[in-house]
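> Attaching a single structure in structure tokens format; questions to follow.
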Amino acid sequence: MEKHYLNSLLDPSSISIFVNQKASKSDYSYQNTFLKLFEEGQYTREVEWIDTSLSFEINKNELKKKGLAIIALPHHELVAALELAGRLKHQSAVLISTGIDKSTSDELKDLAKHYGIQLLGPNTMGFQRPYLHLNASVMGDLASPGPLALIAQSGALTSAMLDWAKTNGVGFSFVASVGQNASVDIAELLDFLGNDAKTQSIVLYLEGITSSRKFMSALRAAANIKPVIVLKSGHKPAGNEAAKTHCGSIVGTDAVFDAAIRRAGAVRVKSFVDLFSAAKCLASSYRPVGNRLAIITNGGGPGVLAADRVSENNLLLAKLSDESIERLRPTLSALASLENLVDLSEEATPEQYCAAIEAANSDKGVDGILVIYSPKPTVDSLEIANAIAELKKQINKPILSCWIGDSSVVESRLKLSNANIPTFRTPEAAVGAFENISSFYTNQKLLQQTPPPLSKTSSPDLDGAKLIIEKVLASRRTVLTEMESKALLSAFHIPITQTILAKSANEAIMIANQIGYPVVLKIDSPDVSHKSDVNGVALDVMNAVSVRDVYAHMTQTVTHLVPDAIINGITVQKMVRNKRGREIYIGLVNEEPFGPVIAFGAGGTMIELLNDQSMELPPLNQYLAQQLISRSRIAQTLKEWRGAPAVNEEAIEHILLRVSEMACELPQLVEMDINPIIVDEFGAVAVDARIVISNSHLLNNSQMGLYNHLAILPYPHQYEQSYPLKDGGEYQIRPIHPDDADMLKAFYKTMSPESRYFRFISNAPELPHSMAAKFTLIDYDREMALVALVRNSELASDGARVETEKIIGVSRYSTNPDKASCEFSLAVGDDFGGQGIGSRLMINIMEVARDKGLSEIDGLVLSKNPGMLKLMRNLGFSVENLVDDSDFKIVRKKL
């Protein structure tokens with residue numbers, strides 16, 4: 001595989017240190033601190049010293065590419081030093097500096113771009129690579145080597161984390177302090193660390209995000225390969241005075257960030273102690289499969305404390321099955337209790353602890369195990385720890401430990417920790433750590449979802465919806481009336497109550513008589529945000545006289561309270577009365593930097609007070625919609641509740657999927673509030689809706705294109721096509737998705753050793769699961785993979801015919817760091833050669849690259865692969881020798 005483009009920065013073969021030898025120590029504190037820490041790190045690779053106080057004569061013809069330039073000079077010397085690094089042909093540079101203003105920062109970035117330098121900085125305290133003994137920072141002593149990578153947007157907190165880690169035995173593969181406006185940003189560092197062999201898990205400390213699409217793309221890619229744990233500071237105040245809809249007022253930045261991290265397959269924690277404990281748990285070799293935690297203890301009190309925290313953390317207390325209890329009980333004391341907790345009694349022995357752990361490990365109702373030990377005068381805690389540490393090798397479920405106490409259990413904790421068993425001082429902390437493990441499992445399932453922008457049900461009336469929006473914007477309005485809002489919902493097949501606009505009291509009476517009493521009257525005005533706040537809603541209007549009186553009183557009241565409001569009239573609709581119905585709301589808010597977010601929760605007039613926040617980033621599919629519902633506090637009332645039958649949740653899912661379509665197809669949506677929606681066992685109907693639109697939030701995006709307003713790009717279904725096979729039948733080409741992992745592994749196994757080597761530069765008999773996951777869960781914005789598939793009809797074991805699919809070819813490209821070109825790869829099954837499949841896959845992948853605005857495609861082909869070289873020439877590619885490696889040719893084509 002090719003080296004990562006950040007290798008020259010983060011894994012340099014040589015370093016040049018820029019210093020000013022004539023400077024006084026007082027003026028060059030960063031330089032002096034860096035030099036001291038760098039020397040103490042004992043870096044062993046090539047080091048060159050460049051004195052910026054001297055004049056340089058550079059012969060360009062004699063220069064060769066250099067590695068990393070480290071610059072820790074005062075502000076006024078940075079531009080000149082970086083210019084010198086560029087002239088000396090350095091491939092990368094780190095600027096150790098803080099407080100750089102935007103003007104100087106932009107100048108430095110432009111300079112780096114001009115010279116092709118990968119620049120970490122400005123406003124960074126540098127980075128550390130402990131395995132290389134490289135301390136290119138002023139963050140403190142070089143960290144111990146270990147499996148964790150740390151990226152933080154705070155230099156002070158990075159130093160504090162390193163100090164904490166040093167005293168707690170935590171080691172790192174990489175540490176960096178990066179400002180929000182660094183040239184090489186967090187997304188690029190994530191991309192590098194996702195492929196770094198020394199890094200088993202990644203921890204992030206964030207203060208802000210600028211490009212959500214780039215961040216989410218890198219985070220999803222990294223989290224698909226290894227655990228990523230995120231700590232973010234800053235919480236949005238509960239109130240939002242600027243919000244125009246219910247949804248806008250209850251959806252806060254922090255909650256949206258939670259939704260984004262969850263969808264990316266990462267885990268969010270609340271403190272940096274939790275950050276490292278979560279990373280330690282997730283870096284272990286096993287993977288969790290649920291949220292059911294078994295508690296094994298020798299004391300009832302600590303066990304109950306743990307059980308209480310299980311309930312508070314939305315986990316389930318796992319109970320051993322009857323079969324497990326029957327096998328386990330003969331080995332335990334008569335005082336042991338197995339009803340809920342596994343309480344082994346105060347005199348529990350190492351053998352009894354191990355027997356209980358083995359029982360929980362083999363029980364299908366258990367997803368994780370927490371072992372608690374309370375010191376007893378007659379029991380040797382170290383003996384128990386030794387037994388559990390030895391047993392750990394046979395356990396395939398997450399196991400955590402809590403050795404309560406202090407001096408008497410220090411050695412035992414160390415023994416457990418050395419056996420890769422996370423250990424905690426309190427039961428609550430241990431349960432919290434398992435919650436992180438469980439969240440990782442849940443979020444990984446969310447990560448695997450790649451919904452298309454439109455559901456597979458009946459297509460919405462997109463043209464009609466866009467005409468409504470264009471008409472409102474043309475009239476220089478941003479708020480849709482209730483009639484317009486409901487028309488927009490109807491265009492996406494969201495069921496609504498029949499609503500008719502009356503422009504006089506007599507019209508209102510005629511409409512009410514036709515649809516039947518009781519009715520609801522509402523003011524229709526683009527200038528009234530919340531109708532009930534200005535007495536603009538009347539429920540249960542029972543007869544014509546009441547309609548007349550309410551009409552007159554409502555128009556007078558609204559005119560008095562909002563004198564400048566434009567009143568179109570009053571809407572009349574049937575009163576929805578359902579004693580067994582529940583009121584819910586579904587909303588949408590467009591919040592920077594993540595764009596549109598869909599919210600779900602309890603509806604009605606108490607929506608802000610209940611603050612029932614559950615949200616998800618579009619696009620949605622049925623699984624994501626179900627998860628969104630289940631996370632809400634109202635979810636439990638949607639089942640059988642207080643004598644009322646369970647509601648039709650499929651009807652709610654239908655509306656959520658339709659709102660997702662609206663979020664994808666209508667980038668002008670700023671906020672939407674469908675509240676209330678009445679749902680019962682028969683279905684759901686939207687009673688009221690309010691929508692805010694605008695083009696202003698789209699004007700600053702110079703690359704605005706299809707779905708570019710979304711943080712997560714939908715599955716690109718538009719590239720699905722079918723083609724005939726020369727020997728009969730047909731094959732389909734479509735974008736790859738995560739469910740293709742097993743098919744891709746099977747395709748790899750069918751390839752001949754020669755074909756495997758040509759495509760993967762490897763003769764390994766099987767494609768590792770991690771590689772299959774990486775190849776199939778991709779970000780469709782920066783890369784694309786197309787698979788060619790054929791369908792077969794096979795006999796199942798019961799004699800029925802089953803349709804199966806198999807991959808027969810794959811083409812893909814990845815965007816290069818220049819964002820203008822891409823690198824491709826191609827493989828076709830040995831049994832399907834000569835049928836034009838390779839040509840078609842290449843033609844289609846180039847069409848996708850053109851759609852993304854890329855201007856050139858290139859790739860490496862083995863010199864001993866004449867078939868591929870011939871195909872490339874036939875497709876118009878140039879073929880050139882690769883300067884650094886005669887085993888390969890480089891092929892290129894302008895798009």
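To be explicit about the labels: the chains of the structure tokens are called A, B, and onward in the order shown, and within each one the residues are counted from 1, while ligands get numbers from 1 in the order they are shown.
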Which residues of region 452-563 of chain A sit at most 10 Å from region 652-676 of chain A, using only C-alpha atoms? Give each one's shortest atom pair and distance in Å (one decimal place), in chain and ascending residue order, as CSV.


```
residue,atom,partner,partner_atom,distance
A:Pro452,CA,A:Glu661,CA,9.1
A:Pro453,CA,A:Cys664,CA,5.8
A:Leu454,CA,A:Glu661,CA,5.4
A:Ser455,CA,A:Leu657,CA,6.8
A:Lys456,CA,A:Leu657,CA,10.0
A:Thr457,CA,A:His654,CA,9.2
A:Ser459,CA,A:Glu661,CA,9.7
A:Pro460,CA,A:Glu661,CA,8.4
A:Leu462,CA,A:Glu665,CA,7.8
A:Ala465,CA,A:Leu666,CA,8.4
A:Lys466,CA,A:Leu666,CA,7.6
A:Ile469,CA,A:Gln668,CA,8.0
A:Glu470,CA,A:Gln668,CA,9.8
A:Leu473,CA,A:Gln668,CA,9.7
A:Thr478,CA,A:Val670,CA,9.1
A:Val479,CA,A:Glu671,CA,9.4
A:Leu480,CA,A:Met672,CA,9.9
A:Ser485,CA,A:Met672,CA,8.9
A:Lys486,CA,A:Ile674,CA,9.3
A:Leu488,CA,A:Met662,CA,9.1
A:Leu489,CA,A:Val659,CA,8.4
A:Ala491,CA,A:Met662,CA,9.6
A:Phe492,CA,A:Arg658,CA,6.0
A:His493,CA,A:Arg658,CA,7.3
A:Ile494,CA,A:Ile655,CA,5.9
A:Pro495,CA,A:Ile655,CA,8.1
A:Ile496,CA,A:Ile674,CA,9.9
```

> Which residues, written as a ChimeraX atom specification, have at least one atom at most 12 Å from Ala197 (chain A), with only C-alpha atoms counted and residues fewer than 3 positions away on the same chain left out?

/A:4,11,131,146-149,173-174,192-194,200-201,225-226

> May I have the selected residues written with N, CA and C atoms, as a CSV table (one decimal), in the first residue's frame?


```csv
chain,number,residue,atom,x,y,z
A,4,HIS,N,1.0,7.1,3.5
A,4,HIS,CA,0.1,8.2,3.7
A,4,HIS,C,0.8,9.5,3.4
A,11,ASP,N,5.8,10.8,10.5
A,11,ASP,CA,6.7,9.7,10.6
A,11,ASP,C,8.0,10.0,9.7
A,131,TYR,N,7.0,6.4,20.0
A,131,TYR,CA,7.7,5.2,19.5
A,131,TYR,C,8.9,5.6,18.7
A,146,GLY,N,2.6,3.7,23.8
A,146,GLY,CA,1.4,3.0,24.1
A,146,GLY,C,0.4,3.0,22.9
A,147,PRO,N,-0.8,2.4,23.0
A,147,PRO,CA,-1.6,2.2,21.9
A,147,PRO,C,-2.6,3.3,21.6
A,148,LEU,N,-2.6,4.4,22.4
A,148,LEU,CA,-3.6,5.4,22.3
A,148,LEU,C,-3.0,6.6,21.5
A,149,ALA,N,-3.9,7.2,20.7
A,149,ALA,CA,-3.5,8.5,20.0
A,149,ALA,C,-4.4,9.6,20.6
A,173,SER,N,0.7,6.4,21.1
A,173,SER,CA,1.3,6.3,19.9
A,173,SER,C,1.5,7.7,19.2
A,174,PHE,N,0.7,8.6,19.6
A,174,PHE,CA,0.8,9.9,19.0
A,174,PHE,C,0.0,10.9,19.9
A,192,PHE,N,-5.0,9.9,9.0
A,192,PHE,CA,-3.6,9.2,9.2
A,192,PHE,C,-3.7,8.2,10.3
A,193,LEU,N,-4.3,8.5,11.5
A,193,LEU,CA,-4.3,7.6,12.6
A,193,LEU,C,-5.1,6.4,12.4
A,194,GLY,N,-6.2,6.5,11.6
A,194,GLY,CA,-7.0,5.4,11.2
A,194,GLY,C,-6.2,4.3,10.6
A,200,GLN,N,-4.1,1.8,18.4
A,200,GLN,CA,-5.2,0.9,18.5
A,200,GLN,C,-6.5,1.7,18.8
A,201,SER,N,-6.5,2.8,19.4
A,201,SER,CA,-7.7,3.6,19.6
A,201,SER,C,-7.3,5.1,19.7
A,225,ILE,N,-12.6,1.6,11.8
A,225,ILE,CA,-11.4,0.7,11.9
A,225,ILE,C,-11.0,0.5,13.3
A,226,LYS,N,-11.1,1.5,14.1
A,226,LYS,CA,-10.7,1.4,15.5
A,226,LYS,C,-11.5,2.3,16.4
```

> Do a neighbour search on Val534 (chain A) at 9 Å with only C-alpha atoms, toss out local chain neighbours closer than 2 positions, and write the hits as a ChimeraX atom specification.

/A:528,530-532,536-537,554,557-558,561-562

> Kindly export the residues of the current selection with all heavy atoms, as a short mmCIF file (atom, residue, chain, number, x, y, z; two decimals), in the first residue's frame.


```cif
data_model
loop_
_atom_site.label_atom_id
_atom_site.label_comp_id
_atom_site.auth_asym_id
_atom_site.auth_seq_id
_atom_site.Cartn_x
_atom_site.Cartn_y
_atom_site.Cartn_z
N VAL A 528 -47.06 35.52 12.67
CA VAL A 528 -47.34 34.99 14.00
C VAL A 528 -46.61 33.66 14.14
O VAL A 528 -46.93 32.69 13.47
CB VAL A 528 -48.85 34.79 14.22
CG1 VAL A 528 -49.10 34.17 15.59
CG2 VAL A 528 -49.58 36.13 14.11
N HIS A 530 -46.06 31.70 17.13
CA HIS A 530 -46.77 30.73 17.96
C HIS A 530 -48.19 31.23 18.15
O HIS A 530 -48.44 32.18 18.91
CB HIS A 530 -46.06 30.54 19.30
CG HIS A 530 -44.66 30.03 19.16
ND1 HIS A 530 -44.36 28.84 18.55
CD2 HIS A 530 -43.47 30.56 19.54
CE1 HIS A 530 -43.06 28.63 18.56
NE2 HIS A 530 -42.49 29.67 19.15
N LYS A 531 -49.11 30.59 17.49
CA LYS A 531 -50.50 31.06 17.46
C LYS A 531 -51.12 31.14 18.86
O LYS A 531 -51.84 32.09 19.18
CB LYS A 531 -51.34 30.15 16.58
CG LYS A 531 -50.85 30.02 15.15
CD LYS A 531 -51.73 29.06 14.35
CE LYS A 531 -51.19 28.80 12.96
NZ LYS A 531 -49.95 28.00 12.98
N SER A 532 -50.85 30.16 19.70
CA SER A 532 -51.47 30.13 21.02
C SER A 532 -51.02 31.30 21.89
O SER A 532 -51.73 31.71 22.80
CB SER A 532 -51.16 28.81 21.73
OG SER A 532 -49.77 28.60 21.82
N GLY A 536 -54.47 32.84 19.13
CA GLY A 536 -54.78 32.57 17.74
C GLY A 536 -55.25 31.16 17.48
O GLY A 536 -55.27 30.73 16.31
N VAL A 537 -55.62 30.42 18.51
CA VAL A 537 -56.11 29.05 18.36
C VAL A 537 -57.35 28.88 19.22
O VAL A 537 -57.36 29.26 20.41
CB VAL A 537 -55.06 28.01 18.78
CG1 VAL A 537 -55.62 26.60 18.64
CG2 VAL A 537 -53.79 28.17 17.96
N MET A 554 -60.98 36.55 17.50
CA MET A 554 -59.59 36.16 17.20
C MET A 554 -58.91 37.20 16.31
O MET A 554 -57.76 37.58 16.56
CB MET A 554 -59.57 34.79 16.52
CG MET A 554 -58.18 34.21 16.32
SD MET A 554 -58.23 32.55 15.59
CE MET A 554 -58.94 31.59 16.93
N THR A 557 -58.17 40.32 18.42
CA THR A 557 -57.11 40.11 19.41
C THR A 557 -55.75 40.09 18.77
O THR A 557 -54.80 40.73 19.25
CB THR A 557 -57.35 38.78 20.16
OG1 THR A 557 -58.63 38.82 20.79
CG2 THR A 557 -56.26 38.56 21.22
N VAL A 558 -55.61 39.35 17.67
CA VAL A 558 -54.32 39.26 17.00
C VAL A 558 -53.92 40.62 16.44
O VAL A 558 -52.75 41.03 16.53
CB VAL A 558 -54.35 38.20 15.88
CG1 VAL A 558 -53.06 38.22 15.08
CG2 VAL A 558 -54.59 36.82 16.48
N LEU A 561 -52.64 42.63 19.40
CA LEU A 561 -51.37 42.18 19.97
C LEU A 561 -50.22 42.26 18.98
O LEU A 561 -49.06 42.49 19.36
CB LEU A 561 -51.51 40.74 20.48
CG LEU A 561 -52.45 40.54 21.67
CD1 LEU A 561 -52.60 39.06 22.01
CD2 LEU A 561 -51.94 41.30 22.90
N VAL A 562 -50.52 42.07 17.69
CA VAL A 562 -49.49 42.15 16.65
C VAL A 562 -50.00 43.09 15.56
O VAL A 562 -50.48 42.65 14.51
CB VAL A 562 -49.17 40.75 16.06
CG1 VAL A 562 -47.88 40.80 15.22
CG2 VAL A 562 -49.04 39.69 17.14
#
```

> Need to verify the contact set: region 831-835 of chain A, 9 Å, only C-alpha atoms, exclusion of same-chain residues closer than 5 positions in sequence. Can you return it as a list in words?

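After dropping sequence-adjacent residues, the list is Leu725, Lys726, Asp727, Thr750, Met751, Ile808 and Gly809 of chain A.
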
> Go ahead and write the selection's residues with C-alpha atoms as a short mmCIF file (atom, residue, chain, number, x, y, z; two decimals), in the first residue's frame.


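Ended up saving to again32.cif:
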```cif
data_model
loop_
_atom_site.label_atom_id
_atom_site.label_comp_id
_atom_site.auth_asym_id
_atom_site.auth_seq_id
_atom_site.Cartn_x
_atom_site.Cartn_y
_atom_site.Cartn_z
CA LEU A 725 -23.37 -10.07 -20.16
CA LYS A 726 -21.95 -11.26 -23.49
CA ASP A 727 -22.85 -14.88 -22.76
CA THR A 750 -12.17 -16.52 -5.71
CA MET A 751 -9.35 -14.53 -7.26
CA ILE A 808 -17.61 -10.11 -9.86
CA GLY A 809 -15.68 -6.84 -10.05
#
```

> Select from region 691-826 of chain A everything DSSP, run on the backbone, classes as alpha helix (DSSP H), then give the selection as a VMD selection string.

chain A and resid 696 to 699 741 to 750 753 to 760 769 to 776

> Considering only C-alpha atoms, return as a VMD selection string whatever protein or nucleic-acid residues lie within 12 Å of Val94 (chain A), sequence-local ones (same chain, fewer than 3 positions apart) excluded.

chain A and resid 6 8 to 10 12 15 to 18 34 67 to 73 78 81 to 82 85 90 to 91 97 108 to 109 112 117 to 128 135 to 138 176 to 178 182 to 184
